[in-house]
file coords30.pdb (PDB, C-alpha atoms)
ATOM      1  CA  MET B   1      -6.179  40.897 -35.900
ATOM      2  CA  PRO B   2      -3.253  38.603 -34.979
ATOM      3  CA  ALA B   3      -0.951  40.368 -37.464
ATOM      4  CA  THR B   4      -1.264  43.592 -35.473
ATOM      5  CA  THR B   5      -1.298  42.045 -31.987
ATOM      6  CA  ILE B   6       1.544  41.849 -29.456
ATOM      7  CA  ALA B   7       1.321  39.601 -26.386
ATOM      8  CA  TYR B   8       2.645  40.321 -22.912
ATOM      9  CA  GLN B   9       2.386  38.840 -19.423
ATOM     10  CA  GLY B  10       0.116  40.695 -17.031
ATOM     11  CA  ALA B  11      -3.143  42.581 -16.877
ATOM     12  CA  PRO B  12      -3.966  45.737 -18.861
ATOM     13  CA  GLY B  13      -1.921  48.624 -17.512
ATOM     14  CA  ALA B  14       1.112  46.507 -16.559
ATOM     15  CA  ASN B  15       4.573  47.889 -17.321
ATOM     16  CA  SER B  16       4.832  45.296 -20.090
ATOM     17  CA  ASP B  17       1.641  46.782 -21.560
ATOM     18  CA  LEU B  18       3.258  50.226 -21.391
ATOM     19  CA  ALA B  19       6.327  48.848 -23.193
ATOM     20  CA  CYS B  20       4.124  47.390 -25.956
ATOM     21  CA  ARG B  21       2.336  50.711 -26.415
ATOM     22  CA  SER B  22       5.627  52.649 -26.421
ATOM     23  CA  VAL B  23       7.337  50.538 -29.089
ATOM     24  CA  PHE B  24       4.335  49.467 -31.161
ATOM     25  CA  PRO B  25       1.605  52.124 -30.706
ATOM     26  CA  GLU B  26      -0.141  50.872 -33.841
ATOM     27  CA  MET B  27      -0.543  47.346 -32.449
ATOM     28  CA  THR B  28      -3.104  45.893 -30.042
ATOM     29  CA  SER B  29      -1.715  44.611 -26.738
ATOM     30  CA  LEU B  30      -2.845  41.129 -25.686
ATOM     31  CA  PRO B  31      -2.687  40.417 -21.913
ATOM     32  CA  CYS B  32      -1.640  36.895 -20.911
ATOM     33  CA  ALA B  33      -1.716  35.186 -17.527
ATOM     34  CA  SER B  34       1.866  33.872 -17.713
ATOM     35  CA  PHE B  35       5.032  34.153 -19.771
ATOM     36  CA  GLU B  36       4.291  30.693 -21.179
ATOM     37  CA  ASP B  37       0.891  31.947 -22.337
ATOM     38  CA  ALA B  38       2.518  34.902 -24.096
ATOM     39  CA  PHE B  39       4.882  32.536 -25.920
ATOM     40  CA  ALA B  40       1.927  30.307 -26.817
ATOM     41  CA  ALA B  41      -0.054  33.248 -28.212
ATOM     42  CA  VAL B  42       2.680  33.788 -30.811
ATOM     43  CA  HIS B  43       3.076  30.076 -31.588
ATOM     44  CA  GLU B  44      -0.679  29.658 -32.029
ATOM     45  CA  GLY B  45      -1.039  32.699 -34.274
ATOM     46  CA  ARG B  46      -3.077  34.818 -31.845
ATOM     47  CA  ALA B  47      -0.277  37.401 -31.779
ATOM     48  CA  ARG B  48       2.580  38.251 -34.117
ATOM     49  CA  LEU B  49       4.994  39.369 -31.398
ATOM     50  CA  ALA B  50       5.617  39.057 -27.665
ATOM     51  CA  MET B  51       7.150  41.658 -25.317
ATOM     52  CA  ILE B  52       8.988  39.928 -22.462
ATOM     53  CA  PRO B  53      10.952  41.563 -19.581
ATOM     54  CA  VAL B  54      14.329  39.974 -18.864
ATOM     55  CA  GLU B  55      16.111  42.221 -16.364
ATOM     56  CA  ASN B  56      15.760  45.341 -14.265
ATOM     57  CA  SER B  57      18.492  47.789 -13.278
ATOM     58  CA  VAL B  58      17.459  47.562  -9.592
ATOM     59  CA  ALA B  59      16.026  44.082  -9.014
ATOM     60  CA  GLY B  60      18.172  42.105 -11.467
ATOM     61  CA  ARG B  61      16.992  39.385 -13.833
ATOM     62  CA  VAL B  62      13.354  38.381 -14.130
ATOM     63  CA  ALA B  63      12.927  34.865 -12.751
ATOM     64  CA  ASP B  64      12.342  31.969 -15.168
ATOM     65  CA  ILE B  65      12.735  33.962 -18.388
ATOM     66  CA  HIS B  66      16.136  32.578 -19.340
ATOM     67  CA  HIS B  67      14.846  29.068 -18.701
ATOM     68  CA  LEU B  68      11.921  29.740 -21.049
ATOM     69  CA  LEU B  69      13.966  31.266 -23.874
ATOM     70  CA  PRO B  70      15.836  28.070 -24.875
ATOM     71  CA  ARG B  71      12.715  25.929 -25.146
ATOM     72  CA  GLY B  72      10.242  28.660 -26.056
ATOM     73  CA  GLY B  73      10.902  28.279 -29.781
ATOM     74  CA  LEU B  74      10.769  32.021 -30.516
ATOM     75  CA  HIS B  75      13.447  34.335 -31.908
ATOM     76  CA  ILE B  76      14.608  37.605 -30.386
ATOM     77  CA  ILE B  77      14.133  40.345 -32.984
ATOM     78  CA  GLY B  78      14.544  43.456 -30.841
ATOM     79  CA  GLU B  79      15.169  44.962 -27.417
ATOM     80  CA  HIS B  80      13.568  47.862 -25.557
ATOM     81  CA  TYR B  81      14.561  49.725 -22.387
ATOM     82  CA  GLN B  82      11.566  51.061 -20.452
ATOM     83  CA  ARG B  83      12.007  53.622 -17.673
ATOM     84  CA  VAL B  84       9.819  52.356 -14.823
ATOM     85  CA  VAL B  85       7.867  54.912 -12.788
ATOM     86  CA  HIS B  86       6.032  53.230  -9.917
ATOM     87  CA  CYS B  87       2.908  54.794  -8.436
ATOM     88  CA  LEU B  88       1.234  54.076  -5.102
ATOM     89  CA  VAL B  89      -2.410  53.671  -6.067
ATOM     90  CA  ALA B  90      -5.444  53.141  -3.806
ATOM     91  CA  PRO B  91      -9.256  53.380  -3.822
ATOM     92  CA  LYS B  92     -10.763  56.843  -3.932
ATOM     93  CA  GLY B  93     -10.861  58.351  -0.441
ATOM     94  CA  ALA B  94      -7.835  56.412   0.816
ATOM     95  CA  THR B  95      -5.030  58.302   2.586
ATOM     96  CA  MET B  96      -1.383  57.553   3.261
ATOM     97  CA  GLU B  97      -2.081  57.530   6.994
ATOM     98  CA  GLY B  98      -4.717  54.819   6.650
ATOM     99  CA  LEU B  99      -2.678  52.377   4.572
ATOM    100  CA  ARG B 100      -1.455  49.130   6.116
ATOM    101  CA  GLU B 101      -0.396  46.920   3.171
ATOM    102  CA  VAL B 102       0.692  47.251  -0.443
ATOM    103  CA  HIS B 103       0.201  44.622  -3.174
ATOM    104  CA  SER B 104       2.309  44.288  -6.327
ATOM    105  CA  HIS B 105       4.611  42.053  -8.356
ATOM    106  CA  ILE B 106       7.642  40.888  -6.378
ATOM    107  CA  GLN B 107       9.926  42.897  -8.690
ATOM    108  CA  ALA B 108       7.999  46.128  -8.066
ATOM    109  CA  LEU B 109       7.980  45.518  -4.315
ATOM    110  CA  SER B 110      11.734  44.970  -4.431
ATOM    111  CA  GLN B 111      12.255  48.155  -6.426
ATOM    112  CA  CYS B 112      10.306  50.179  -3.813
ATOM    113  CA  ARG B 113      11.641  48.381  -0.718
ATOM    114  CA  THR B 114      13.018  51.452   1.043
ATOM    115  CA  TYR B 115       9.889  53.524   0.446
ATOM    116  CA  LEU B 116       7.644  50.827   1.928
ATOM    117  CA  ARG B 117       9.883  50.087   4.897
ATOM    118  CA  GLU B 118      10.188  53.757   5.898
ATOM    119  CA  ARG B 119       6.398  54.038   6.018
ATOM    120  CA  GLY B 120       5.754  50.741   7.761
ATOM    121  CA  LEU B 121       3.723  49.323   4.880
ATOM    122  CA  ALA B 122       3.545  45.534   4.594
ATOM    123  CA  PRO B 123       4.434  44.262   1.082
ATOM    124  CA  VAL B 124       2.224  41.513  -0.377
ATOM    125  CA  SER B 125       3.368  39.672  -3.514
ATOM    126  CA  HIS B 126       1.036  39.554  -6.510
ATOM    127  CA  ALA B 127       1.205  37.994  -9.969
ATOM    128  CA  ASP B 128       1.699  41.375 -11.644
ATOM    129  CA  THR B 129       1.430  45.093 -10.959
ATOM    130  CA  ALA B 130      -1.728  45.777 -12.947
ATOM    131  CA  GLY B 131      -3.440  42.673 -11.541
ATOM    132  CA  ALA B 132      -2.706  43.999  -8.061
ATOM    133  CA  ALA B 133      -4.271  47.331  -9.034
ATOM    134  CA  ALA B 134      -7.363  45.538 -10.374
ATOM    135  CA  ASP B 135      -7.767  43.608  -7.107
ATOM    136  CA  VAL B 136      -7.293  46.728  -4.986
ATOM    137  CA  ALA B 137     -10.059  48.402  -6.990
ATOM    138  CA  LYS B 138     -12.289  45.346  -6.523
ATOM    139  CA  TRP B 139     -11.673  45.111  -2.761
ATOM    140  CA  ASN B 140     -12.196  48.882  -2.306
ATOM    141  CA  ASP B 141     -10.440  48.767   1.074
ATOM    142  CA  PRO B 142      -8.841  52.145   1.981
ATOM    143  CA  GLY B 143      -6.173  50.288   3.945
ATOM    144  CA  ILE B 144      -4.884  48.358   0.922
ATOM    145  CA  ALA B 145      -2.931  49.934  -1.943
ATOM    146  CA  ALA B 146      -0.982  48.704  -4.941
ATOM    147  CA  ILE B 147       2.227  49.630  -6.712
ATOM    148  CA  ALA B 148       1.388  50.026 -10.383
ATOM    149  CA  SER B 149       1.628  52.390 -13.341
ATOM    150  CA  ASP B 150      -0.374  55.560 -13.812
ATOM    151  CA  LEU B 151      -2.031  53.783 -16.748
ATOM    152  CA  ALA B 152      -3.253  51.045 -14.391
ATOM    153  CA  ALA B 153      -4.623  53.694 -12.017
ATOM    154  CA  GLU B 154      -6.550  55.225 -14.914
ATOM    155  CA  ILE B 155      -7.869  51.873 -16.164
ATOM    156  CA  TYR B 156      -9.083  50.685 -12.743
ATOM    157  CA  GLY B 157     -10.301  54.016 -11.378
ATOM    158  CA  LEU B 158      -7.771  54.353  -8.561
ATOM    159  CA  THR B 159      -6.242  57.411  -6.923
ATOM    160  CA  ILE B 160      -2.499  58.037  -7.210
ATOM    161  CA  LEU B 161      -1.260  58.760  -3.667
ATOM    162  CA  ALA B 162       2.400  59.038  -4.702
ATOM    163  CA  LYS B 163       4.321  58.853  -7.961
ATOM    164  CA  GLY B 164       7.920  57.867  -8.606
ATOM    165  CA  ILE B 165       8.301  55.841  -5.401
ATOM    166  CA  GLU B 166      11.016  53.557  -6.801
ATOM    167  CA  ASP B 167      14.215  53.567  -4.748
ATOM    168  CA  ALA B 168      16.511  54.323  -7.705
ATOM    169  CA  ALA B 169      16.081  57.070 -10.268
ATOM    170  CA  HIS B 170      17.682  54.858 -12.926
ATOM    171  CA  ASN B 171      15.015  52.159 -12.525
ATOM    172  CA  THR B 172      14.799  50.683 -16.026
ATOM    173  CA  THR B 173      13.575  47.343 -17.347
ATOM    174  CA  ARG B 174      15.006  45.678 -20.431
ATOM    175  CA  PHE B 175      12.484  43.894 -22.639
ATOM    176  CA  LEU B 176      12.995  41.496 -25.528
ATOM    177  CA  VAL B 177      10.711  41.435 -28.568
ATOM    178  CA  LEU B 178      10.079  37.868 -29.751
ATOM    179  CA  ALA B 179       8.672  36.440 -32.994
ATOM    180  CA  LYS B 180       8.234  33.035 -34.658
ATOM    181  CA  GLU B 181      10.724  33.845 -37.405
ATOM    182  CA  PRO B 182      14.079  35.629 -37.114
ATOM    183  CA  VAL B 183      14.497  39.146 -38.496
ATOM    184  CA  THR B 184      18.221  39.743 -38.983
ATOM    185  CA  PRO B 185      19.514  43.320 -39.278
ATOM    186  CA  PRO B 186      21.997  44.198 -42.043
ATOM    187  CA  VAL B 187      25.726  43.674 -41.593
ATOM    188  CA  GLY B 188      27.447  46.864 -40.483
ATOM    189  CA  SER B 189      24.654  48.106 -38.241
ATOM    190  CA  ASP B 190      24.846  48.194 -34.433
ATOM    191  CA  THR B 191      23.808  44.637 -33.613
ATOM    192  CA  VAL B 192      23.395  42.415 -30.564
ATOM    193  CA  THR B 193      23.591  38.627 -30.746
ATOM    194  CA  SER B 194      22.079  36.557 -27.922
ATOM    195  CA  LEU B 195      23.149  32.950 -27.525
ATOM    196  CA  LEU B 196      23.171  29.912 -25.260
ATOM    197  CA  PHE B 197      25.918  27.350 -24.790
ATOM    198  CA  ARG B 198      27.034  24.631 -22.412
ATOM    199  CA  VAL B 199      30.455  23.766 -21.036
ATOM    200  CA  ARG B 200      31.630  20.824 -18.982
ATOM    201  CA  SER B 201      32.329  21.444 -15.304
ATOM    202  CA  VAL B 202      36.115  21.177 -15.661
ATOM    203  CA  PRO B 203      38.893  23.717 -14.987
ATOM    204  CA  ALA B 204      39.275  26.470 -17.608
ATOM    205  CA  ALA B 205      36.304  25.274 -19.707
ATOM    206  CA  LEU B 206      34.607  28.677 -19.684
ATOM    207  CA  TYR B 207      37.906  30.523 -20.106
ATOM    208  CA  LYS B 208      38.697  28.548 -23.257
ATOM    209  CA  ALA B 209      35.157  28.850 -24.642
ATOM    210  CA  LEU B 210      35.176  32.638 -24.324
ATOM    211  CA  GLY B 211      38.800  33.181 -25.358
ATOM    212  CA  GLY B 212      37.833  33.848 -28.963
ATOM    213  CA  PHE B 213      35.671  36.824 -28.005
ATOM    214  CA  ALA B 214      38.628  38.505 -26.283
ATOM    215  CA  THR B 215      41.171  37.811 -29.019
ATOM    216  CA  ASN B 216      38.796  39.045 -31.734
ATOM    217  CA  GLY B 217      37.677  42.184 -29.889
ATOM    218  CA  VAL B 218      34.034  41.147 -29.418
ATOM    219  CA  ASN B 219      32.411  42.754 -26.379
ATOM    220  CA  ILE B 220      30.347  40.487 -24.110
ATOM    221  CA  THR B 221      27.740  42.686 -22.425
ATOM    222  CA  LYS B 222      25.962  39.960 -20.465
ATOM    223  CA  LEU B 223      26.930  36.500 -19.231
ATOM    224  CA  GLU B 224      24.813  34.377 -16.875
ATOM    225  CA  SER B 225      25.048  30.735 -15.827
ATOM    226  CA  TYR B 226      22.358  28.159 -15.034
ATOM    227  CA  LEU B 227      22.383  24.586 -13.869
ATOM    228  CA  VAL B 228      21.461  22.066 -16.555
ATOM    229  CA  ASP B 229      18.557  19.777 -15.658
ATOM    230  CA  GLY B 230      19.190  20.306 -11.956
ATOM    231  CA  ARG B 231      22.627  18.679 -12.132
ATOM    232  CA  PHE B 232      25.892  20.132 -10.858
ATOM    233  CA  VAL B 233      28.232  18.615 -13.461
ATOM    234  CA  ALA B 234      27.481  21.002 -16.330
ATOM    235  CA  ALA B 235      26.470  24.625 -16.730
ATOM    236  CA  GLN B 236      24.441  26.462 -19.364
ATOM    237  CA  PHE B 237      25.354  30.051 -20.163
ATOM    238  CA  TYR B 238      23.308  32.866 -21.645
ATOM    239  CA  ALA B 239      25.315  35.635 -23.320
ATOM    240  CA  ASP B 240      24.662  38.914 -25.116
ATOM    241  CA  VAL B 241      27.507  40.030 -27.369
ATOM    242  CA  GLU B 242      27.944  43.056 -29.566
ATOM    243  CA  GLY B 243      28.299  42.168 -33.202
ATOM    244  CA  HIS B 244      26.741  40.390 -36.172
ATOM    245  CA  PRO B 245      27.345  36.664 -36.872
ATOM    246  CA  ASP B 246      28.170  37.486 -40.495
ATOM    247  CA  GLU B 247      30.954  39.868 -39.476
ATOM    248  CA  ARG B 248      34.471  38.420 -39.333
ATOM    249  CA  PRO B 249      35.282  39.120 -35.631
ATOM    250  CA  LEU B 250      32.151  37.388 -34.351
ATOM    251  CA  GLN B 251      32.525  34.576 -36.898
ATOM    252  CA  LEU B 252      35.989  33.771 -35.517
ATOM    253  CA  ALA B 253      34.799  34.063 -31.917
ATOM    254  CA  MET B 254      31.905  31.693 -32.615
ATOM    255  CA  GLU B 255      34.235  29.175 -34.265
ATOM    256  CA  GLU B 256      36.311  29.014 -31.083
ATOM    257  CA  LEU B 257      33.196  28.847 -28.917
ATOM    258  CA  ASN B 258      31.865  25.917 -30.938
ATOM    259  CA  PHE B 259      35.183  24.097 -30.498
ATOM    260  CA  PHE B 260      35.213  24.300 -26.693
ATOM    261  CA  ALA B 261      31.474  24.423 -25.909
ATOM    262  CA  ARG B 262      28.475  22.221 -26.647
ATOM    263  CA  GLU B 263      24.958  22.927 -27.861
ATOM    264  CA  VAL B 264      25.649  26.469 -28.998
ATOM    265  CA  LYS B 265      22.360  28.086 -29.989
ATOM    266  CA  ILE B 266      21.745  31.619 -31.271
ATOM    267  CA  LEU B 267      18.500  32.977 -29.794
ATOM    268  CA  GLY B 268      18.423  36.152 -31.844
ATOM    269  CA  VAL B 269      20.319  38.747 -33.861
ATOM    270  CA  TYR B 270      18.754  42.179 -33.503
ATOM    271  CA  PRO B 271      19.418  45.943 -33.585
ATOM    272  CA  ALA B 272      21.045  47.466 -30.511
ATOM    273  CA  HIS B 273      18.652  49.837 -28.745
ATOM    274  CA  PRO B 274      19.716  53.533 -28.571
ATOM    275  CA  PHE B 275      19.706  53.225 -24.750
ATOM    276  CA  ARG B 276      22.511  50.670 -25.028
ATOM    277  CA  ARG B 277      24.588  52.916 -27.275
ATOM    278  CA  ALA B 278      24.091  55.886 -24.933
ATOM    279  CA  ALA B 279      25.119  53.779 -21.931
ATOM    280  CA  ASN B 280      28.264  52.609 -23.756
ATOM    281  CA  GLN B 281      29.182  56.193 -24.603
ATOM    282  CA  GLN B 282      28.648  57.273 -21.000
ATOM    283  CA  GLU B 283      30.776  54.383 -19.761
ATOM    284  CA  GLY B 284      33.572  55.452 -22.074
ATOM    285  CA  GLN B 285      33.500  59.004 -20.673
ATOM    286  CA  ASP B 286      33.620  57.934 -16.993
TER     287      ASP B 286
END
call {"tool": "encode", "arguments": {"input": "coords30.pdb", "output": "structure tokens"}}
result
Amino acid sequence: MPATTIAYQGAPGANSDLACRSVFPEMTSLPCASFEDAFAAVHEGRARLAMIPVENSVAGRVADIHHLLPRGGLHIIGEHYQRVVHCLVAPKGATMEGLREVHSHIQALSQCRTYLRERGLAPVSHADTAGAAADVAKWNDPGIAAIASDLAAEIYGLTILAKGIEDAAHNTTRFLVLAKEPVTPPVGSDTVTSLLFRVRSVPAALYKALGGFATNGVNITKLESYLVDGRFVAAQFYADVEGHPDERPLQLAMEELNFFAREVKILGVYPAHPFRRAANQQEGQD
């Protein structure tokens, strides 16, 4: 049933699949070959929502996502922070001593770089973690392992040789929940607004565009720049800010942004995840 289906990129057992099951246990997860396919599943009515990773606390932003968001035509309606626990999985009978290479998504390989290097294991990039696990099961070569979730190991009948092999204990991925129509939280609740805007490549353009956020006490939690259409004369910025567009501080900040910037577009207004609030509180105590 499309109304109870959520799309994600990857094979069954991927970390995106785990995120879908964690947030929406009552929904059916729909695996898609690419991020574009996940967007299309929502547009075409095969899924009501999409769960898309955007950044990781170790490896940084997920490539291509912020280029897809502006033209994807979907609205951000929520965020989710998923603690990532990577497992080294291999065919039954395989041993650590016999391994020679490890397959996984480039992000997972990056997040386990130290572990692999210390053991002399050659990393091999794959489309996604669960897909790598599926191929390792199919090849049934005791010298080839994958980095994937424990769910993927269960689905594909693999042995977990090691668990929690990520280099950083804080390894967490932030996901965005996307839908065809916006779902705006009530004014007064903890809210995040995600937006895109462009500025000309001239001195102080960005400073002036963002001045209203500072003067009105609006916290910018994320700001990233991208080239526009491969040219070097203008930049596009993606920003996450704390606040609701119908609240006076953000209204004033947006008015100033619209004066100095071009093509301002709100991608979503959605509830702040408890992980974000906890991180803000911790930051205030340090």
call {"tool": "resolve_selection", "arguments": {"input": "coords30.pdb", "expression": "the PyMOL selection byres ((chain B and resi 148) around 6)", "output": "JSON, numbers by chain"}}
result
{"B": [86, 87, 129, 130, 147, 149]}
call {"tool": "closest_residue", "arguments": {"input": "coords30.pdb", "among": "B:Val54, B:Leu121, B:Val42, B:Cys32", "to": "Thr4 in chain B", "atoms": "only C-alpha atoms"}}
result
B:Val42
call {"tool": "residues_around", "arguments": {"input": "coords30.pdb", "residues": "Asp240 in chain B", "least_positions_apart": "2", "cutoff": "7 Å", "atoms": "only C-alpha atoms", "output": "PDB file with C-alpha atoms, in the frame of the given file"}}
result
ATOM      1  CA  VAL B 192      23.395  42.415 -30.564  1.00  0.00           C
ATOM      2  CA  THR B 193      23.591  38.627 -30.746  1.00  0.00           C
ATOM      3  CA  SER B 194      22.079  36.557 -27.922  1.00  0.00           C
ATOM      4  CA  LEU B 195      23.149  32.950 -27.525  1.00  0.00           C
ATOM      5  CA  ILE B 220      30.347  40.487 -24.110  1.00  0.00           C
ATOM      6  CA  THR B 221      27.740  42.686 -22.425  1.00  0.00           C
ATOM      7  CA  LYS B 222      25.962  39.960 -20.465  1.00  0.00           C
ATOM      8  CA  LEU B 223      26.930  36.500 -19.231  1.00  0.00           C
ATOM      9  CA  GLU B 242      27.944  43.056 -29.566  1.00  0.00           C
TER      10      GLU B 242
END
call {"tool": "closest_residue", "arguments": {"input": "coords30.pdb", "among": "B:Leu30, B:Val23, B:Ala146, B:Ala122", "to": "Arg46 in chain B", "atoms": "all atoms listed in the file"}}
result
B:Leu30
call {"tool": "residues_around", "arguments": {"input": "coords30.pdb", "residues": "range 151-157 of chain B", "least_positions_apart": "3", "cutoff": "9 Å", "atoms": "all atoms listed in the file", "output": "number ranges by chain"}}
result
B: 11-15, 18, 87, 89-92, 129-131, 133-134, 136-138, 148, 160
call {"tool": "residues_around", "arguments": {"input": "coords30.pdb", "residues": "His66 in chain B", "least_positions_apart": "4", "cutoff": "12 Å", "atoms": "all atoms listed in the file", "output": "count of residues only"}}
result
24
call {"tool": "residues_near_point", "arguments": {"input": "coords30.pdb", "point": "(-0.9, 34.4, -27.4)", "cutoff": "10 Å", "atoms": "all atoms listed in the file", "output": "MDAnalysis selection string"}}
result
chainID B and resid 2 5:9 30:33 35:50
call {"tool": "closest_residue", "arguments": {"input": "coords30.pdb", "among": "B:Thr184, B:Gln82, B:Thr159, B:Ser104", "to": "Pro274 in chain B", "atoms": "all atoms listed in the file"}}
result
B:Gln82
call {"tool": "decode", "arguments": {"input": "coords30.pdb", "residues": "range 147-155 of chain B", "atoms": "all heavy atoms", "output": "PDB file, in the first residue's frame"}}
result
ATOM      1  N   ILE B 147      31.189  -4.401   5.003  1.00  0.00           N
ATOM      2  CA  ILE B 147      30.789  -3.602   6.158  1.00  0.00           C
ATOM      3  C   ILE B 147      29.315  -3.300   5.980  1.00  0.00           C
ATOM      4  O   ILE B 147      28.908  -2.697   4.984  1.00  0.00           O
ATOM      5  CB  ILE B 147      31.588  -2.291   6.252  1.00  0.00           C
ATOM      6  CG1 ILE B 147      33.056  -2.579   6.520  1.00  0.00           C
ATOM      7  CG2 ILE B 147      31.025  -1.406   7.363  1.00  0.00           C
ATOM      8  CD1 ILE B 147      33.933  -1.343   6.492  1.00  0.00           C
ATOM      9  N   ALA B 148      28.511  -3.755   6.922  1.00  0.00           N
ATOM     10  CA  ALA B 148      27.062  -3.591   6.821  1.00  0.00           C
ATOM     11  C   ALA B 148      26.455  -3.657   8.215  1.00  0.00           C
ATOM     12  O   ALA B 148      27.170  -3.779   9.217  1.00  0.00           O
ATOM     13  CB  ALA B 148      26.472  -4.675   5.902  1.00  0.00           C
ATOM     14  N   SER B 149      25.142  -3.594   8.280  1.00  0.00           N
ATOM     15  CA  SER B 149      24.438  -3.647   9.562  1.00  0.00           C
ATOM     16  C   SER B 149      24.224  -5.093   9.989  1.00  0.00           C
ATOM     17  O   SER B 149      24.326  -6.029   9.188  1.00  0.00           O
ATOM     18  CB  SER B 149      23.085  -2.944   9.442  1.00  0.00           C
ATOM     19  OG  SER B 149      22.234  -3.676   8.554  1.00  0.00           O
ATOM     20  N   ASP B 150      23.891  -5.272  11.266  1.00  0.00           N
ATOM     21  CA  ASP B 150      23.563  -6.616  11.729  1.00  0.00           C
ATOM     22  C   ASP B 150      22.280  -7.124  11.074  1.00  0.00           C
ATOM     23  O   ASP B 150      22.108  -8.330  10.872  1.00  0.00           O
ATOM     24  CB  ASP B 150      23.462  -6.669  13.251  1.00  0.00           C
ATOM     25  CG  ASP B 150      22.532  -5.617  13.839  1.00  0.00           C
ATOM     26  OD1 ASP B 150      21.915  -4.845  13.075  1.00  0.00           O
ATOM     27  OD2 ASP B 150      22.420  -5.555  15.080  1.00  0.00           O
ATOM     28  N   LEU B 151      21.386  -6.190  10.699  1.00  0.00           N
ATOM     29  CA  LEU B 151      20.178  -6.581   9.980  1.00  0.00           C
ATOM     30  C   LEU B 151      20.530  -7.165   8.623  1.00  0.00           C
ATOM     31  O   LEU B 151      19.961  -8.178   8.197  1.00  0.00           O
ATOM     32  CB  LEU B 151      19.250  -5.378   9.805  1.00  0.00           C
ATOM     33  CG  LEU B 151      17.979  -5.593   8.978  1.00  0.00           C
ATOM     34  CD1 LEU B 151      17.097  -6.661   9.614  1.00  0.00           C
ATOM     35  CD2 LEU B 151      17.208  -4.287   8.807  1.00  0.00           C
ATOM     36  N   ALA B 152      21.483  -6.555   7.920  1.00  0.00           N
ATOM     37  CA  ALA B 152      21.916  -7.073   6.622  1.00  0.00           C
ATOM     38  C   ALA B 152      22.535  -8.464   6.778  1.00  0.00           C
ATOM     39  O   ALA B 152      22.307  -9.358   5.952  1.00  0.00           O
ATOM     40  CB  ALA B 152      22.912  -6.116   5.976  1.00  0.00           C
ATOM     41  N   ALA B 153      23.317  -8.665   7.832  1.00  0.00           N
ATOM     42  CA  ALA B 153      23.913  -9.976   8.075  1.00  0.00           C
ATOM     43  C   ALA B 153      22.830 -11.028   8.256  1.00  0.00           C
ATOM     44  O   ALA B 153      22.926 -12.143   7.722  1.00  0.00           O
ATOM     45  CB  ALA B 153      24.809  -9.918   9.307  1.00  0.00           C
ATOM     46  N   GLU B 154      21.776 -10.650   8.984  1.00  0.00           N
ATOM     47  CA  GLU B 154      20.661 -11.585   9.208  1.00  0.00           C
ATOM     48  C   GLU B 154      19.924 -11.879   7.907  1.00  0.00           C
ATOM     49  O   GLU B 154      19.613 -13.041   7.603  1.00  0.00           O
ATOM     50  CB  GLU B 154      19.710 -10.989  10.238  1.00  0.00           C
ATOM     51  CG  GLU B 154      18.479 -11.840  10.523  1.00  0.00           C
ATOM     52  CD  GLU B 154      17.515 -11.159  11.481  1.00  0.00           C
ATOM     53  OE1 GLU B 154      17.923 -10.218  12.179  1.00  0.00           O
ATOM     54  OE2 GLU B 154      16.336 -11.580  11.507  1.00  0.00           O
ATOM     55  N   ILE B 155      19.662 -10.833   7.118  1.00  0.00           N
ATOM     56  CA  ILE B 155      18.899 -11.007   5.876  1.00  0.00           C
ATOM     57  C   ILE B 155      19.646 -11.900   4.883  1.00  0.00           C
ATOM     58  O   ILE B 155      19.049 -12.766   4.232  1.00  0.00           O
ATOM     59  CB  ILE B 155      18.603  -9.634   5.241  1.00  0.00           C
ATOM     60  CG1 ILE B 155      17.578  -8.871   6.089  1.00  0.00           C
ATOM     61  CG2 ILE B 155      18.073  -9.800   3.808  1.00  0.00           C
ATOM     62  CD1 ILE B 155      17.338  -7.444   5.621  1.00  0.00           C
TER      63      ILE B 155
END
